[in-house]
Amino acid sequence: MSSRVRFPAVVALALLAGCNAPARTVASPPPGPASPAAAPIAARVPLFIRTAKGERRFTIEVARTPGEQEHGLMFRERLDPDGGMIFPFSPPRPASFWMRNTVIPLDLIFIRADGRIARIAADAKPYSLDLIESGEPVAAVLEIAGGRAAELGIAAGDIVRWPG
């Protein structure tokens, strides 16, 4: 076959092969971690904080398992004003958190083994990868809606009680 005949034949075969190719679609982003709907729901319990302005009551989720603690409040688009999540540690240990995949600002309340608040990291910035550290060994960390600690007069030294 001459090169004049071969070239059109090759082009024709390429065009025919292209007709059978699947339609090209726009790629969607790769699936991310599980959404909140897919996350296990932690147990809900009452929690009380005794402040200088009186006792404050919350209904919180308890993140006991490694999976619950790893997922925490990530992907949540809202949090009830008197809701939250507590992360208990036994034995007490230094703790550090970040806001990766956390959509809403949170107050992180670091709680000593005696129930006293060691420190509060107020209004932690959503999606931040900056570490938020306890600064000392703690028995638990409570996450509540950003700004609520100041709004309710919750401060270092206040006493936290919960059935945990």
# chains A, B, ... in the order shown; residues from 1 in each chain; ligands from 1

call {"tool": "residues_around", "arguments": {"residues": "Phe48 of chain A", "least_positions_apart": "6", "cutoff": "7 Å", "atoms": "only C-alpha atoms", "output": "PyMOL selection string"}}
result
chain A and resi 55-58+160-162

call {"tool": "residues_around", "arguments": {"residues": "segment 105-115 of chain A", "least_positions_apart": "2", "cutoff": "6 Å", "atoms": "only C-alpha atoms", "output": "ChimeraX atom specification"}}
result
/A:117-126,134,138-146,159-160

call {"tool": "write_last_selection", "arguments": {"atoms": "N, CA, C and O atoms", "output": "PDB file, in the first residue's frame"}}
result
ATOM      1  N   ILE A 117     -11.883  24.218  85.160  1.00  0.00           N
ATOM      2  CA  ILE A 117     -11.454  24.618  83.823  1.00  0.00           C
ATOM      3  C   ILE A 117     -10.036  25.160  83.905  1.00  0.00           C
ATOM      4  O   ILE A 117      -9.764  26.103  84.661  1.00  0.00           O
ATOM      5  N   ALA A 118      -9.133  24.551  83.117  1.00  0.00           N
ATOM      6  CA  ALA A 118      -7.737  24.994  83.074  1.00  0.00           C
ATOM      7  C   ALA A 118      -7.591  26.215  82.177  1.00  0.00           C
ATOM      8  O   ALA A 118      -6.918  27.180  82.547  1.00  0.00           O
ATOM      9  N   ARG A 119      -8.204  26.158  81.000  1.00  0.00           N
ATOM     10  CA  ARG A 119      -8.141  27.280  80.060  1.00  0.00           C
ATOM     11  C   ARG A 119      -9.225  27.124  79.019  1.00  0.00           C
ATOM     12  O   ARG A 119      -9.792  26.057  78.858  1.00  0.00           O
ATOM     13  N   ILE A 120      -9.494  28.240  78.338  1.00  0.00           N
ATOM     14  CA  ILE A 120     -10.485  28.257  77.261  1.00  0.00           C
ATOM     15  C   ILE A 120      -9.824  28.842  76.018  1.00  0.00           C
ATOM     16  O   ILE A 120      -9.231  29.927  76.076  1.00  0.00           O
ATOM     17  N   ALA A 121      -9.923  28.117  74.923  1.00  0.00           N
ATOM     18  CA  ALA A 121      -9.493  28.635  73.620  1.00  0.00           C
ATOM     19  C   ALA A 121     -10.772  29.106  72.937  1.00  0.00           C
ATOM     20  O   ALA A 121     -11.583  28.294  72.483  1.00  0.00           O
ATOM     21  N   ALA A 122     -10.989  30.412  72.941  1.00  0.00           N
ATOM     22  CA  ALA A 122     -12.251  30.986  72.455  1.00  0.00           C
ATOM     23  C   ALA A 122     -12.252  31.183  70.945  1.00  0.00           C
ATOM     24  O   ALA A 122     -11.236  31.554  70.352  1.00  0.00           O
ATOM     25  N   ASP A 123     -13.412  30.943  70.359  1.00  0.00           N
ATOM     26  CA  ASP A 123     -13.655  31.207  68.928  1.00  0.00           C
ATOM     27  C   ASP A 123     -12.572  30.633  68.018  1.00  0.00           C
ATOM     28  O   ASP A 123     -12.033  31.336  67.155  1.00  0.00           O
ATOM     29  N   ALA A 124     -12.290  29.349  68.184  1.00  0.00           N
ATOM     30  CA  ALA A 124     -11.310  28.698  67.306  1.00  0.00           C
ATOM     31  C   ALA A 124     -11.781  28.817  65.862  1.00  0.00           C
ATOM     32  O   ALA A 124     -12.958  28.612  65.553  1.00  0.00           O
ATOM     33  N   LYS A 125     -10.863  29.175  64.996  1.00  0.00           N
ATOM     34  CA  LYS A 125     -11.166  29.493  63.602  1.00  0.00           C
ATOM     35  C   LYS A 125     -11.467  28.232  62.784  1.00  0.00           C
ATOM     36  O   LYS A 125     -10.655  27.297  62.756  1.00  0.00           O
ATOM     37  N   PRO A 126     -12.621  28.203  62.095  1.00  0.00           N
ATOM     38  CA  PRO A 126     -12.941  27.046  61.254  1.00  0.00           C
ATOM     39  C   PRO A 126     -11.840  26.738  60.251  1.00  0.00           C
ATOM     40  O   PRO A 126     -11.194  27.649  59.722  1.00  0.00           O
ATOM     41  N   SER A 134      -3.725  22.226  75.329  1.00  0.00           N
ATOM     42  CA  SER A 134      -4.229  22.377  76.689  1.00  0.00           C
ATOM     43  C   SER A 134      -3.232  23.098  77.588  1.00  0.00           C
ATOM     44  O   SER A 134      -3.639  23.773  78.528  1.00  0.00           O
ATOM     45  N   VAL A 138      -5.002  17.239  80.980  1.00  0.00           N
ATOM     46  CA  VAL A 138      -6.426  17.460  81.228  1.00  0.00           C
ATOM     47  C   VAL A 138      -7.175  16.130  81.176  1.00  0.00           C
ATOM     48  O   VAL A 138      -6.735  15.180  80.527  1.00  0.00           O
ATOM     49  N   ALA A 139      -8.311  16.098  81.870  1.00  0.00           N
ATOM     50  CA  ALA A 139      -9.149  14.902  81.893  1.00  0.00           C
ATOM     51  C   ALA A 139     -10.188  14.930  80.787  1.00  0.00           C
ATOM     52  O   ALA A 139     -10.752  13.886  80.439  1.00  0.00           O
ATOM     53  N   ALA A 140     -10.449  16.122  80.240  1.00  0.00           N
ATOM     54  CA  ALA A 140     -11.453  16.230  79.177  1.00  0.00           C
ATOM     55  C   ALA A 140     -11.316  17.572  78.468  1.00  0.00           C
ATOM     56  O   ALA A 140     -10.739  18.522  79.008  1.00  0.00           O
ATOM     57  N   VAL A 141     -11.852  17.615  77.261  1.00  0.00           N
ATOM     58  CA  VAL A 141     -11.966  18.854  76.500  1.00  0.00           C
ATOM     59  C   VAL A 141     -13.424  18.960  76.060  1.00  0.00           C
ATOM     60  O   VAL A 141     -13.987  18.012  75.506  1.00  0.00           O
ATOM     61  N   LEU A 142     -14.033  20.097  76.328  1.00  0.00           N
ATOM     62  CA  LEU A 142     -15.420  20.370  75.946  1.00  0.00           C
ATOM     63  C   LEU A 142     -15.416  21.363  74.793  1.00  0.00           C
ATOM     64  O   LEU A 142     -14.777  22.413  74.882  1.00  0.00           O
ATOM     65  N   GLU A 143     -16.118  21.026  73.719  1.00  0.00           N
ATOM     66  CA  GLU A 143     -16.293  21.949  72.600  1.00  0.00           C
ATOM     67  C   GLU A 143     -17.728  22.448  72.602  1.00  0.00           C
ATOM     68  O   GLU A 143     -18.671  21.641  72.643  1.00  0.00           O
ATOM     69  N   ILE A 144     -17.886  23.768  72.602  1.00  0.00           N
ATOM     70  CA  ILE A 144     -19.204  24.396  72.518  1.00  0.00           C
ATOM     71  C   ILE A 144     -19.164  25.447  71.405  1.00  0.00           C
ATOM     72  O   ILE A 144     -18.094  25.759  70.882  1.00  0.00           O
ATOM     73  N   ALA A 145     -20.313  25.989  71.076  1.00  0.00           N
ATOM     74  CA  ALA A 145     -20.386  26.994  70.016  1.00  0.00           C
ATOM     75  C   ALA A 145     -19.458  28.165  70.325  1.00  0.00           C
ATOM     76  O   ALA A 145     -19.378  28.624  71.467  1.00  0.00           O
ATOM     77  N   GLY A 146     -18.773  28.640  69.304  1.00  0.00           N
ATOM     78  CA  GLY A 146     -17.840  29.752  69.457  1.00  0.00           C
ATOM     79  C   GLY A 146     -18.497  30.983  70.046  1.00  0.00           C
ATOM     80  O   GLY A 146     -19.568  31.390  69.617  1.00  0.00           O
ATOM     81  N   ILE A 159     -16.182  25.207  87.602  1.00  0.00           N
ATOM     82  CA  ILE A 159     -16.279  23.763  87.826  1.00  0.00           C
ATOM     83  C   ILE A 159     -17.243  23.133  86.812  1.00  0.00           C
ATOM     84  O   ILE A 159     -18.366  23.598  86.637  1.00  0.00           O
ATOM     85  N   VAL A 160     -16.791  22.031  86.189  1.00  0.00           N
ATOM     86  CA  VAL A 160     -17.595  21.292  85.220  1.00  0.00           C
ATOM     87  C   VAL A 160     -17.986  19.948  85.825  1.00  0.00           C
ATOM     88  O   VAL A 160     -17.146  19.239  86.393  1.00  0.00           O
TER      89      VAL A 160
END

call {"tool": "select_by_dssp", "arguments": {"residues": "segment 19-162 of chain A", "states": "alpha helix (DSSP H)", "output": "PyMOL selection string"}}
result
chain A and resi 19+66-71+148-152
